[in-house]
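Quick look at protein39.pdb (PDB, C-alpha atoms):
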```pdb
ATOM      1  CA  ASP A 880      44.581 151.340 -36.320  1.00  0.00           C
ATOM      2  CA  ALA A 881      42.585 150.194 -33.316  1.00  0.00           C
ATOM      3  CA  GLY A 882      38.902 150.881 -33.353  1.00  0.00           C
ATOM      4  CA  ILE A 883      35.772 150.277 -35.338  1.00  0.00           C
ATOM      5  CA  THR A 884      35.755 151.238 -39.001  1.00  0.00           C
ATOM      6  CA  GLN A 885      32.945 151.382 -41.505  1.00  0.00           C
ATOM      7  CA  SER A 886      33.212 151.420 -45.268  1.00  0.00           C
ATOM      8  CA  PRO A 887      32.346 153.033 -47.504  1.00  0.00           C
ATOM      9  CA  ARG A 888      31.699 156.434 -45.884  1.00  0.00           C
ATOM     10  CA  TYR A 889      29.350 157.427 -48.689  1.00  0.00           C
ATOM     11  CA  LYS A 890      27.467 155.293 -51.197  1.00  0.00           C
ATOM     12  CA  ILE A 891      24.966 156.046 -53.915  1.00  0.00           C
ATOM     13  CA  THR A 892      23.154 153.083 -55.404  1.00  0.00           C
ATOM     14  CA  GLU A 893      20.170 152.446 -57.622  1.00  0.00           C
ATOM     15  CA  THR A 894      16.858 150.957 -56.588  1.00  0.00           C
ATOM     16  CA  GLY A 895      16.923 147.167 -56.803  1.00  0.00           C
ATOM     17  CA  ARG A 896      20.676 146.759 -56.513  1.00  0.00           C
ATOM     18  CA  GLN A 897      22.358 144.755 -53.805  1.00  0.00           C
ATOM     19  CA  VAL A 898      24.743 146.717 -51.617  1.00  0.00           C
ATOM     20  CA  THR A 899      26.934 145.654 -48.702  1.00  0.00           C
ATOM     21  CA  LEU A 900      28.108 147.925 -45.916  1.00  0.00           C
ATOM     22  CA  MET A 901      31.210 146.805 -44.082  1.00  0.00           C
ATOM     23  CA  CYS A 902      32.071 147.010 -40.398  1.00  0.00           C
ATOM     24  CA  HIS A 903      35.370 145.943 -38.862  1.00  0.00           C
ATOM     25  CA  GLN A 904      36.484 146.134 -35.228  1.00  0.00           C
ATOM     26  CA  THR A 905      39.939 145.420 -33.839  1.00  0.00           C
ATOM     27  CA  TRP A 906      39.094 144.652 -30.208  1.00  0.00           C
ATOM     28  CA  SER A 907      37.495 141.206 -30.629  1.00  0.00           C
ATOM     29  CA  HIS A 908      34.350 142.536 -28.978  1.00  0.00           C
ATOM     30  CA  SER A 909      31.706 139.846 -28.814  1.00  0.00           C
ATOM     31  CA  TYR A 910      28.676 142.075 -29.468  1.00  0.00           C
ATOM     32  CA  MET A 911      28.136 144.018 -32.661  1.00  0.00           C
ATOM     33  CA  PHE A 912      25.159 146.078 -33.800  1.00  0.00           C
ATOM     34  CA  TRP A 913      23.779 147.780 -36.882  1.00  0.00           C
ATOM     35  CA  TYR A 914      21.629 150.902 -36.528  1.00  0.00           C
ATOM     36  CA  ARG A 915      20.073 153.247 -39.004  1.00  0.00           C
ATOM     37  CA  GLN A 916      19.598 156.922 -38.183  1.00  0.00           C
ATOM     38  CA  ASP A 917      16.770 158.900 -39.756  1.00  0.00           C
ATOM     39  CA  LEU A 918      15.359 162.313 -38.986  1.00  0.00           C
ATOM     40  CA  GLY A 919      12.434 161.962 -36.629  1.00  0.00           C
ATOM     41  CA  HIS A 920      13.222 158.353 -35.771  1.00  0.00           C
ATOM     42  CA  GLY A 921      16.529 158.598 -33.981  1.00  0.00           C
ATOM     43  CA  LEU A 922      18.519 155.358 -33.953  1.00  0.00           C
ATOM     44  CA  ARG A 923      16.771 152.134 -34.845  1.00  0.00           C
ATOM     45  CA  LEU A 924      18.374 148.738 -34.366  1.00  0.00           C
ATOM     46  CA  ILE A 925      18.457 146.626 -37.528  1.00  0.00           C
ATOM     47  CA  TYR A 926      20.401 143.519 -36.464  1.00  0.00           C
ATOM     48  CA  TYR A 927      22.804 142.525 -33.766  1.00  0.00           C
ATOM     49  CA  SER A 928      25.216 139.708 -33.083  1.00  0.00           C
ATOM     50  CA  ALA A 929      26.324 138.205 -29.774  1.00  0.00           C
ATOM     51  CA  ALA A 930      29.257 136.275 -31.261  1.00  0.00           C
ATOM     52  CA  ALA A 931      30.503 134.798 -34.519  1.00  0.00           C
ATOM     53  CA  ASP A 932      27.708 132.875 -36.269  1.00  0.00           C
ATOM     54  CA  ILE A 933      25.074 134.215 -33.831  1.00  0.00           C
ATOM     55  CA  THR A 934      22.835 136.975 -35.142  1.00  0.00           C
ATOM     56  CA  ASP A 935      19.378 138.240 -34.253  1.00  0.00           C
ATOM     57  CA  LYS A 936      16.828 140.697 -35.556  1.00  0.00           C
ATOM     58  CA  GLY A 937      16.360 144.127 -34.120  1.00  0.00           C
ATOM     59  CA  GLU A 938      13.534 146.602 -34.537  1.00  0.00           C
ATOM     60  CA  VAL A 939      13.658 147.087 -38.347  1.00  0.00           C
ATOM     61  CA  PRO A 940      15.253 144.025 -40.019  1.00  0.00           C
ATOM     62  CA  ASP A 941      13.129 143.769 -43.182  1.00  0.00           C
ATOM     63  CA  GLY A 942      15.135 144.106 -46.389  1.00  0.00           C
ATOM     64  CA  TYR A 943      18.480 143.547 -44.649  1.00  0.00           C
ATOM     65  CA  VAL A 944      20.730 140.517 -44.212  1.00  0.00           C
ATOM     66  CA  VAL A 945      23.740 140.135 -41.908  1.00  0.00           C
ATOM     67  CA  SER A 946      26.449 137.566 -41.418  1.00  0.00           C
ATOM     68  CA  ARG A 947      29.245 137.134 -38.920  1.00  0.00           C
ATOM     69  CA  SER A 948      31.705 134.466 -39.944  1.00  0.00           C
ATOM     70  CA  LYS A 949      34.543 136.194 -38.055  1.00  0.00           C
ATOM     71  CA  THR A 950      34.354 138.030 -34.737  1.00  0.00           C
ATOM     72  CA  GLU A 951      35.845 141.227 -36.148  1.00  0.00           C
ATOM     73  CA  ASN A 952      33.565 141.659 -39.166  1.00  0.00           C
ATOM     74  CA  PHE A 953      29.836 142.289 -39.333  1.00  0.00           C
ATOM     75  CA  PRO A 954      28.697 143.193 -42.861  1.00  0.00           C
ATOM     76  CA  LEU A 955      25.170 144.464 -43.556  1.00  0.00           C
ATOM     77  CA  THR A 956      23.638 143.662 -46.949  1.00  0.00           C
ATOM     78  CA  LEU A 957      20.657 145.345 -48.538  1.00  0.00           C
ATOM     79  CA  GLU A 958      19.369 142.598 -50.828  1.00  0.00           C
ATOM     80  CA  SER A 959      17.382 144.850 -53.161  1.00  0.00           C
ATOM     81  CA  ALA A 960      17.785 148.480 -52.197  1.00  0.00           C
ATOM     82  CA  THR A 961      14.722 150.728 -51.924  1.00  0.00           C
ATOM     83  CA  ARG A 962      14.483 154.488 -51.540  1.00  0.00           C
ATOM     84  CA  SER A 963      13.175 154.041 -47.994  1.00  0.00           C
ATOM     85  CA  GLN A 964      16.574 152.567 -47.102  1.00  0.00           C
ATOM     86  CA  THR A 965      18.269 155.905 -47.773  1.00  0.00           C
ATOM     87  CA  SER A 966      19.761 156.607 -44.371  1.00  0.00           C
ATOM     88  CA  VAL A 967      22.908 156.880 -42.297  1.00  0.00           C
ATOM     89  CA  TYR A 968      24.013 153.480 -41.037  1.00  0.00           C
ATOM     90  CA  PHE A 969      26.058 153.012 -37.879  1.00  0.00           C
ATOM     91  CA  CYS A 970      27.868 149.962 -36.674  1.00  0.00           C
ATOM     92  CA  ALA A 971      28.689 149.565 -32.972  1.00  0.00           C
ATOM     93  CA  SER A 972      30.443 147.021 -30.785  1.00  0.00           C
ATOM     94  CA  GLU A 973      30.654 146.059 -27.129  1.00  0.00           C
ATOM     95  CA  ASN A 974      32.664 143.598 -25.087  1.00  0.00           C
ATOM     96  CA  GLN A 975      30.478 141.190 -23.133  1.00  0.00           C
ATOM     97  CA  ARG A 976      32.600 141.651 -20.022  1.00  0.00           C
ATOM     98  CA  ASP A 977      32.168 145.431 -20.184  1.00  0.00           C
ATOM     99  CA  ARG A 978      28.382 145.506 -20.245  1.00  0.00           C
ATOM    100  CA  GLY A 979      28.288 148.463 -17.931  1.00  0.00           C
ATOM    101  CA  SER A 980      30.171 151.670 -17.876  1.00  0.00           C
ATOM    102  CA  TYR A 981      31.670 151.579 -21.342  1.00  0.00           C
ATOM    103  CA  GLY A 982      28.479 151.389 -23.362  1.00  0.00           C
ATOM    104  CA  TYR A 983      28.713 150.869 -27.098  1.00  0.00           C
ATOM    105  CA  THR A 984      31.523 152.135 -29.322  1.00  0.00           C
ATOM    106  CA  PHE A 985      30.272 153.460 -32.645  1.00  0.00           C
ATOM    107  CA  GLY A 986      31.811 153.687 -36.080  1.00  0.00           C
ATOM    108  CA  SER A 987      31.731 156.921 -38.095  1.00  0.00           C
ATOM    109  CA  GLY A 988      28.786 155.806 -40.196  1.00  0.00           C
ATOM    110  CA  THR A 989      27.954 155.149 -43.845  1.00  0.00           C
ATOM    111  CA  ARG A 990      25.671 157.598 -45.612  1.00  0.00           C
ATOM    112  CA  LEU A 991      23.677 155.583 -48.157  1.00  0.00           C
ATOM    113  CA  THR A 992      21.524 157.173 -50.841  1.00  0.00           C
ATOM    114  CA  VAL A 993      19.233 155.002 -52.961  1.00  0.00           C
ATOM    115  CA  VAL A 994      18.108 156.696 -56.185  1.00  0.00           C
TER     116      VAL A 994
ATOM    117  CA  GLY B 924       8.329 147.899 -23.410  1.00  0.00           C
ATOM    118  CA  GLU B 925      11.354 150.088 -23.140  1.00  0.00           C
ATOM    119  CA  ASP B 926      11.091 153.662 -24.288  1.00  0.00           C
ATOM    120  CA  VAL B 927      13.320 156.696 -23.900  1.00  0.00           C
ATOM    121  CA  GLU B 928      11.958 160.204 -24.468  1.00  0.00           C
ATOM    122  CA  GLN B 929      13.801 163.472 -24.792  1.00  0.00           C
ATOM    123  CA  SER B 930      12.997 166.896 -26.159  1.00  0.00           C
ATOM    124  CA  LEU B 931      14.156 167.412 -29.729  1.00  0.00           C
ATOM    125  CA  PHE B 932      15.651 170.900 -29.572  1.00  0.00           C
ATOM    126  CA  LEU B 933      17.459 173.189 -27.126  1.00  0.00           C
ATOM    127  CA  SER B 934      18.973 176.562 -27.852  1.00  0.00           C
ATOM    128  CA  VAL B 935      21.234 178.420 -25.410  1.00  0.00           C
ATOM    129  CA  ARG B 936      23.622 181.366 -25.360  1.00  0.00           C
ATOM    130  CA  GLU B 937      27.354 180.784 -25.153  1.00  0.00           C
ATOM    131  CA  GLY B 938      28.454 180.811 -21.505  1.00  0.00           C
ATOM    132  CA  ASP B 939      25.054 179.775 -20.154  1.00  0.00           C
ATOM    133  CA  SER B 940      24.261 176.353 -18.720  1.00  0.00           C
ATOM    134  CA  SER B 941      22.406 173.803 -20.835  1.00  0.00           C
ATOM    135  CA  VAL B 942      20.111 171.207 -19.341  1.00  0.00           C
ATOM    136  CA  ILE B 943      18.968 168.292 -21.481  1.00  0.00           C
ATOM    137  CA  ASN B 944      16.245 166.095 -20.022  1.00  0.00           C
ATOM    138  CA  CYS B 945      15.338 162.474 -20.619  1.00  0.00           C
ATOM    139  CA  THR B 946      12.739 160.060 -19.294  1.00  0.00           C
ATOM    140  CA  TYR B 947      12.858 156.295 -19.518  1.00  0.00           C
ATOM    141  CA  THR B 948      10.469 153.486 -18.713  1.00  0.00           C
ATOM    142  CA  ASP B 949      12.492 150.411 -17.729  1.00  0.00           C
ATOM    143  CA  SER B 950      12.645 150.400 -13.930  1.00  0.00           C
ATOM    144  CA  SER B 951      15.309 147.675 -14.035  1.00  0.00           C
ATOM    145  CA  SER B 952      17.763 149.865 -15.949  1.00  0.00           C
ATOM    146  CA  THR B 953      21.279 149.385 -14.617  1.00  0.00           C
ATOM    147  CA  TYR B 954      23.259 152.050 -16.455  1.00  0.00           C
ATOM    148  CA  LEU B 955      22.164 155.237 -18.171  1.00  0.00           C
ATOM    149  CA  TYR B 956      24.312 157.005 -20.719  1.00  0.00           C
ATOM    150  CA  TRP B 957      24.725 160.271 -22.522  1.00  0.00           C
ATOM    151  CA  TYR B 958      26.196 160.211 -26.005  1.00  0.00           C
ATOM    152  CA  LYS B 959      27.230 163.177 -28.181  1.00  0.00           C
ATOM    153  CA  GLN B 960      27.025 163.203 -31.966  1.00  0.00           C
ATOM    154  CA  GLU B 961      28.781 165.951 -33.901  1.00  0.00           C
ATOM    155  CA  PRO B 962      27.847 166.610 -37.557  1.00  0.00           C
ATOM    156  CA  GLY B 963      28.981 163.824 -39.872  1.00  0.00           C
ATOM    157  CA  ALA B 964      30.302 161.686 -37.036  1.00  0.00           C
ATOM    158  CA  GLY B 965      29.282 158.670 -35.009  1.00  0.00           C
ATOM    159  CA  LEU B 966      28.044 158.704 -31.436  1.00  0.00           C
ATOM    160  CA  GLN B 967      30.648 159.287 -28.764  1.00  0.00           C
ATOM    161  CA  LEU B 968      30.105 158.273 -25.141  1.00  0.00           C
ATOM    162  CA  LEU B 969      30.136 161.412 -22.980  1.00  0.00           C
ATOM    163  CA  THR B 970      29.343 160.054 -19.567  1.00  0.00           C
ATOM    164  CA  TYR B 971      27.271 157.441 -17.779  1.00  0.00           C
ATOM    165  CA  ILE B 972      25.656 156.915 -14.390  1.00  0.00           C
ATOM    166  CA  PHE B 973      24.970 153.719 -12.514  1.00  0.00           C
ATOM    167  CA  SER B 974      21.378 153.333 -11.395  1.00  0.00           C
ATOM    168  CA  ASN B 975      22.200 153.416  -7.653  1.00  0.00           C
ATOM    169  CA  MET B 976      23.696 156.919  -7.976  1.00  0.00           C
ATOM    170  CA  ASP B 977      21.838 160.242  -7.799  1.00  0.00           C
ATOM    171  CA  MET B 978      24.467 162.459  -9.323  1.00  0.00           C
ATOM    172  CA  LYS B 979      27.713 162.285 -11.188  1.00  0.00           C
ATOM    173  CA  GLN B 980      29.985 165.216 -12.015  1.00  0.00           C
ATOM    174  CA  ASP B 981      32.680 165.161 -14.645  1.00  0.00           C
ATOM    175  CA  GLN B 982      34.309 168.558 -15.310  1.00  0.00           C
ATOM    176  CA  ARG B 983      31.611 170.701 -16.978  1.00  0.00           C
ATOM    177  CA  LEU B 984      29.114 167.837 -17.083  1.00  0.00           C
ATOM    178  CA  THR B 985      26.659 166.992 -14.304  1.00  0.00           C
ATOM    179  CA  VAL B 986      24.300 164.046 -14.587  1.00  0.00           C
ATOM    180  CA  LEU B 987      21.299 163.871 -12.290  1.00  0.00           C
ATOM    181  CA  LEU B 988      19.222 160.724 -11.895  1.00  0.00           C
ATOM    182  CA  ASN B 989      15.799 160.571 -10.276  1.00  0.00           C
ATOM    183  CA  LYS B 990      15.107 156.861 -10.257  1.00  0.00           C
ATOM    184  CA  LYS B 991      11.665 157.238  -8.705  1.00  0.00           C
ATOM    185  CA  ASP B 992      10.489 159.435 -11.598  1.00  0.00           C
ATOM    186  CA  LYS B 993      12.733 157.670 -14.151  1.00  0.00           C
ATOM    187  CA  HIS B 994      14.184 161.033 -15.101  1.00  0.00           C
ATOM    188  CA  LEU B 995      17.727 161.711 -16.225  1.00  0.00           C
ATOM    189  CA  SER B 996      19.306 165.059 -17.006  1.00  0.00           C
ATOM    190  CA  LEU B 997      22.591 166.303 -18.398  1.00  0.00           C
ATOM    191  CA  ARG B 998      23.792 169.757 -17.394  1.00  0.00           C
ATOM    192  CA  ILE B 999      26.613 171.359 -19.352  1.00  0.00           C
ATOM    193  CA  ALA B1000      28.135 174.316 -17.513  1.00  0.00           C
ATOM    194  CA  ASP B1001      29.581 177.283 -19.420  1.00  0.00           C
ATOM    195  CA  THR B1002      28.279 175.986 -22.738  1.00  0.00           C
ATOM    196  CA  GLN B1003      30.583 176.646 -25.688  1.00  0.00           C
ATOM    197  CA  THR B1004      29.941 176.698 -29.443  1.00  0.00           C
ATOM    198  CA  GLY B1005      31.878 173.422 -29.645  1.00  0.00           C
ATOM    199  CA  ASP B1006      29.145 171.825 -27.544  1.00  0.00           C
ATOM    200  CA  SER B1007      26.670 172.254 -30.407  1.00  0.00           C
ATOM    201  CA  ALA B1008      25.688 168.691 -31.327  1.00  0.00           C
ATOM    202  CA  ILE B1009      22.964 166.087 -30.926  1.00  0.00           C
ATOM    203  CA  TYR B1010      22.848 164.515 -27.460  1.00  0.00           C
ATOM    204  CA  PHE B1011      21.389 161.047 -26.986  1.00  0.00           C
ATOM    205  CA  CYS B1012      20.165 159.568 -23.764  1.00  0.00           C
ATOM    206  CA  ALA B1013      20.310 155.743 -23.541  1.00  0.00           C
ATOM    207  CA  GLU B1014      19.375 153.158 -20.959  1.00  0.00           C
ATOM    208  CA  ARG B1015      20.626 149.624 -20.463  1.00  0.00           C
ATOM    209  CA  GLY B1016      17.516 147.653 -19.724  1.00  0.00           C
ATOM    210  CA  SER B1017      16.753 144.178 -18.490  1.00  0.00           C
ATOM    211  CA  ASN B1018      17.694 142.667 -21.873  1.00  0.00           C
ATOM    212  CA  TYR B1019      21.195 144.214 -21.545  1.00  0.00           C
ATOM    213  CA  LYS B1020      20.823 146.080 -24.833  1.00  0.00           C
ATOM    214  CA  LEU B1021      20.886 149.871 -25.013  1.00  0.00           C
ATOM    215  CA  THR B1022      17.708 151.756 -25.913  1.00  0.00           C
ATOM    216  CA  PHE B1023      18.301 155.257 -27.283  1.00  0.00           C
ATOM    217  CA  GLY B1024      16.164 158.363 -27.261  1.00  0.00           C
ATOM    218  CA  LYS B1025      15.645 160.275 -30.515  1.00  0.00           C
ATOM    219  CA  GLY B1026      18.273 162.835 -29.583  1.00  0.00           C
ATOM    220  CA  THR B1027      18.253 166.521 -28.569  1.00  0.00           C
ATOM    221  CA  LEU B1028      19.810 169.022 -30.968  1.00  0.00           C
ATOM    222  CA  LEU B1029      21.705 171.568 -28.881  1.00  0.00           C
ATOM    223  CA  THR B1030      22.390 174.874 -30.616  1.00  0.00           C
ATOM    224  CA  VAL B1031      24.778 177.286 -28.904  1.00  0.00           C
ATOM    225  CA  ASN B1032      24.450 180.894 -30.034  1.00  0.00           C
ATOM    226  CA  PRO B1033      27.411 183.274 -29.705  1.00  0.00           C
TER     227      PRO B1033
END
```
Will you turn the file into structure tokens for me?
Amino acid sequence: DAGITQSPRYKITETGRQVTLMCHQTWSHSYMFWYRQDLGHGLRLIYYSAAADITDKGEVPDGYVVSRSKTENFPLTLESATRSQTSVYFCASENQRDRGSYGYTFGSGTRLTVV
Amino acid sequence: GEDVEQSLFLSVREGDSSVINCTYTDSSSTYLYWYKQEPGAGLQLLTYIFSNMDMKQDQRLTVLLNKKDKHLSLRIADTQTGDSAIYFCAERGSNYKLTFGKGTLLTVNP
């Protein structure tokens, strides 16, 4: 199916564990983004990537690691999960040539709970 | 720096018009967007406006842009219960990335 998919949809993990959230897009969009959404904070950018093997920090990168070995995948890893990382995580993508009217396309999100 | 502000809550009666307001700070913004987020879902692009436009109408949606005051609004005519959602304003600033507001929760009462 064409689009941007995130997995898993829901995840419960324990404090201190490593957890990886997956994001896959089928359009070969060059730009990909990871956001977290929390009540009172709206959307905050964690990391973004302009192309394969090019990543950069966003507003709240601490405690997270990303990689982008292939254009279509952009996994987000929490190295040692903390309760403050309980959140809903959204992945988004954008084609460099469409940096105008189309905006970002978002996945359905992963709800992560750290206990 | 870039900042986007919007009120957090709006409650309207079914059939009335809803107006959601947004202010932004980046005077070099090229595009401004409205996204809709339904419960348990991701953000969906509703509409956008290019910065050299004052108004854009798309069926029940009207976007007004006052570039001088850096003010953007979204009007939803004949609001329905299915319009209940969180609405995000976003601007594309000089760094080409989108900056989002915190979202306005629209509640439509029957």
TODO: Starting from the point (31.0, 152.0, -36.9), work out which residues of protein, DNA or RNA have an atom no more than 7 Å away when counting only C-alpha atoms; state them as a list in words.
DONE: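 The residues near that point, listed by chain and number, are Ile883, Thr884, Gln885, Cys902, Phe969, Cys970, Ala971, Phe985, Gly986, Ser987 and Gly988 of chain A.
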Output file for the selection above: C-alpha atoms, as a PDB file, keeping the file's coordinate frame:
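The resulting file, selection_6.pdb, is shown below:
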```pdb
ATOM      1  CA  ILE A 883      35.772 150.277 -35.338  1.00  0.00           C
ATOM      2  CA  THR A 884      35.755 151.238 -39.001  1.00  0.00           C
ATOM      3  CA  GLN A 885      32.945 151.382 -41.505  1.00  0.00           C
ATOM      4  CA  CYS A 902      32.071 147.010 -40.398  1.00  0.00           C
ATOM      5  CA  PHE A 969      26.058 153.012 -37.879  1.00  0.00           C
ATOM      6  CA  CYS A 970      27.868 149.962 -36.674  1.00  0.00           C
ATOM      7  CA  ALA A 971      28.689 149.565 -32.972  1.00  0.00           C
ATOM      8  CA  PHE A 985      30.272 153.460 -32.645  1.00  0.00           C
ATOM      9  CA  GLY A 986      31.811 153.687 -36.080  1.00  0.00           C
ATOM     10  CA  SER A 987      31.731 156.921 -38.095  1.00  0.00           C
ATOM     11  CA  GLY A 988      28.786 155.806 -40.196  1.00  0.00           C
TER      12      GLY A 988
END
```
Open item on the list: Which residue is closest to Leu1021 (chain B)? Choose from B:Asp949, B:Asp939, B:Asp1001, B:Glu961 and count all atoms listed in the file.
Closed with: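 Of the candidates, the smallest distance to Leu1021 (chain B) is held by B:Asp949.
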Per residue of chain A within 10 Å of chain B, which atom pair is closest and at what distance in Å (one decimal), using all atoms listed in the file, listed by chain and increasing number, as a tab-separated table?
```
residue	atom	partner	partner_atom	distance
A:Arg888	CA	B:Gly963	CA	9.9
A:Tyr910	CA	B:Lys1020	CA	10.0
A:Phe912	CA	B:Lys1020	CA	10.0
A:Gln916	CA	B:Lys1025	CA	9.3
A:Asp917	CA	B:Lys1025	CA	9.4
A:Leu918	CA	B:Lys1025	CA	8.7
A:Gly919	CA	B:Lys1025	CA	7.1
A:His920	CA	B:Lys1025	CA	6.1
A:Gly921	CA	B:Lys1025	CA	4.0
A:Leu922	CA	B:Lys1025	CA	6.7
A:Arg923	CA	B:Phe1023	CA	8.3
A:Leu924	CA	B:Thr1022	CA	9.0
A:Tyr927	CA	B:Lys1020	CA	9.8
A:Val967	CA	B:Gly963	CA	9.5
A:Tyr968	CA	B:Gly965	CA	9.5
A:Phe969	CA	B:Gly965	CA	7.1
A:Cys970	CA	B:Gly965	CA	9.0
A:Ala971	CA	B:Leu966	CA	9.3
A:Gln975	CA	B:Tyr1019	CA	9.9
A:Arg978	CA	B:Tyr1019	CA	7.4
A:Gly979	CA	B:Tyr954	CA	6.4
A:Ser980	CA	B:Tyr971	CA	6.5
A:Tyr981	CA	B:Leu968	CA	7.9
A:Gly982	CA	B:Leu968	CA	7.3
A:Tyr983	CA	B:Leu968	CA	7.8
A:Thr984	CA	B:Gln967	CA	7.2
A:Phe985	CA	B:Gly965	CA	5.8
A:Gly986	CA	B:Gly965	CA	5.7
A:Ser987	CA	B:Gly965	CA	4.3
A:Gly988	CA	B:Gly965	CA	5.9
A:Thr989	CA	B:Gly963	CA	9.6
A:Arg990	CA	B:Gly963	CA	9.1
```
- [ ] May I have the residues within 9 Å of Gln964 (chain A) as a ChimeraX atom specification, using only C-alpha atoms and disregarding those fewer than 5 positions away in the same chain?
- [x] /A:915,942,957,991-993
Open item on the list: Evaluated on this file, the PyMOL selection byres ((chain B and resi 935) around 9) picks out some residues - which ones are they, written as a PyMOL selection string?
Closed with: chain B and resi 933-934+936-941+1002+1029-1033
TODO: Figure out the distance between CA of Val994 (chain A) and CA of Leu1028 (chain B), please, to one decimal in Å.
DONE: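 Going from CA of Leu1028 (chain B) over to CA of Val994 (chain A) covers 28.1 Å.
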TODO: Find the distance between CA of Met901 (chain A) and CA of Thr961 (chain A) and write it in Å to one decimal.
DONE: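 CA of Thr961 (chain A) lies 18.7 Å from CA of Met901 (chain A).
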Task: d(CA of Ala931 (chain A), CA of Asn952 (chain A)) in Å - done: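 Interatomic distance, CA of Ala931 (chain A) to CA of Asn952 (chain A): 8.8 Å.
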TODO: Output the residue selection produced by the PyMOL selection byres ((chain A and resi 925) around 6) on the file above, formatted as a PyMOL selection string.
DONE: chain A and resi 913-914+924+926+937-940
Open item on the list: Using only C-alpha atoms and a cutoff of 9 Å, can you tell me which residues are near (23.9, 145.5, -54.6) in the file's coordinates, and write them out as a PyMOL selection string?
Closed with: chain A and resi 892-893+895-899+956-960
Please enumerate the residues selected by the PyMOL selection byres ((chain B and resi 942) around 8) when evaluated against the supplied file, formatted as a PDB file with C-alpha atoms, in the frame of the given file.
```
ATOM      1  CA  SER B 940      24.261 176.353 -18.720  1.00  0.00           C
ATOM      2  CA  SER B 941      22.406 173.803 -20.835  1.00  0.00           C
ATOM      3  CA  ILE B 943      18.968 168.292 -21.481  1.00  0.00           C
ATOM      4  CA  ASN B 944      16.245 166.095 -20.022  1.00  0.00           C
ATOM      5  CA  SER B 996      19.306 165.059 -17.006  1.00  0.00           C
ATOM      6  CA  LEU B 997      22.591 166.303 -18.398  1.00  0.00           C
ATOM      7  CA  ARG B 998      23.792 169.757 -17.394  1.00  0.00           C
ATOM      8  CA  ILE B 999      26.613 171.359 -19.352  1.00  0.00           C
TER       9      ILE B 999
END
```
Open item on the list: Given only C-alpha atoms as the basis, pick out the residue of B:Leu984, B:Ser930, B:Lys959, B:Tyr1010 nearest to Thr946 (chain B).
Closed with: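 Looking only at the distances to Thr946 (chain B), the closest residue turns out to be B:Ser930.
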- [ ] Can you work out which one of A:Pro887, A:Glu951, A:Arg962, A:Ser928 has the shortest atom-to-atom distance to Thr905 (chain A), counting all atoms listed in the file?
- [x]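 Comparing A:Pro887, A:Glu951, A:Arg962, A:Ser928 against Thr905 (chain A), the winner is A:Glu951.
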Task: Polymer residues at most 7 Å from Val945 (chain A), only C-alpha atoms, same-chain spacing of 4 or more positions, as a list of chain:residue names - done: A:Phe953, A:Pro954, A:Leu955, A:Thr956
Open item on the list: When you count only C-alpha atoms, which of these residues is closest to Gly1016 (chain B): B:Asp926, B:Ser952, B:Cys945, B:Asp977?
Closed with: B:Ser952
Task: Selected residue of minimal separation from Ile891 (chain A) among A:Thr934, A:Thr950, A:Ser972, A:Thr965, counting all atoms listed in the file - done: A:Thr965
Could you list, as a tab-separated table (two decimals) with C-alpha atoms, in the coordinates of the input, every residue within 7 Å of Tyr947 (chain B), counting all atoms listed in the file and ignoring same-chain residues fewer than 4 positions away?
```tsv
chain	number	residue	atom	x	y	z
B	926	ASP	CA	11.09	153.66	-24.29
B	927	VAL	CA	13.32	156.70	-23.90
B	928	GLU	CA	11.96	160.20	-24.47
B	993	LYS	CA	12.73	157.67	-14.15
B	994	HIS	CA	14.18	161.03	-15.10
```
- [ ] Please provide the set of residues having any atom within 10 Å of Ser950 (chain B), restricted to all atoms listed in the file, with same-chain residues fewer than 6 positions apart removed, written as a list in words.
- [x]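 Those residues are Glu925, Ser974, Lys990, Lys991, Asp992, Lys993, Gly1016 and Ser1017 of chain B.
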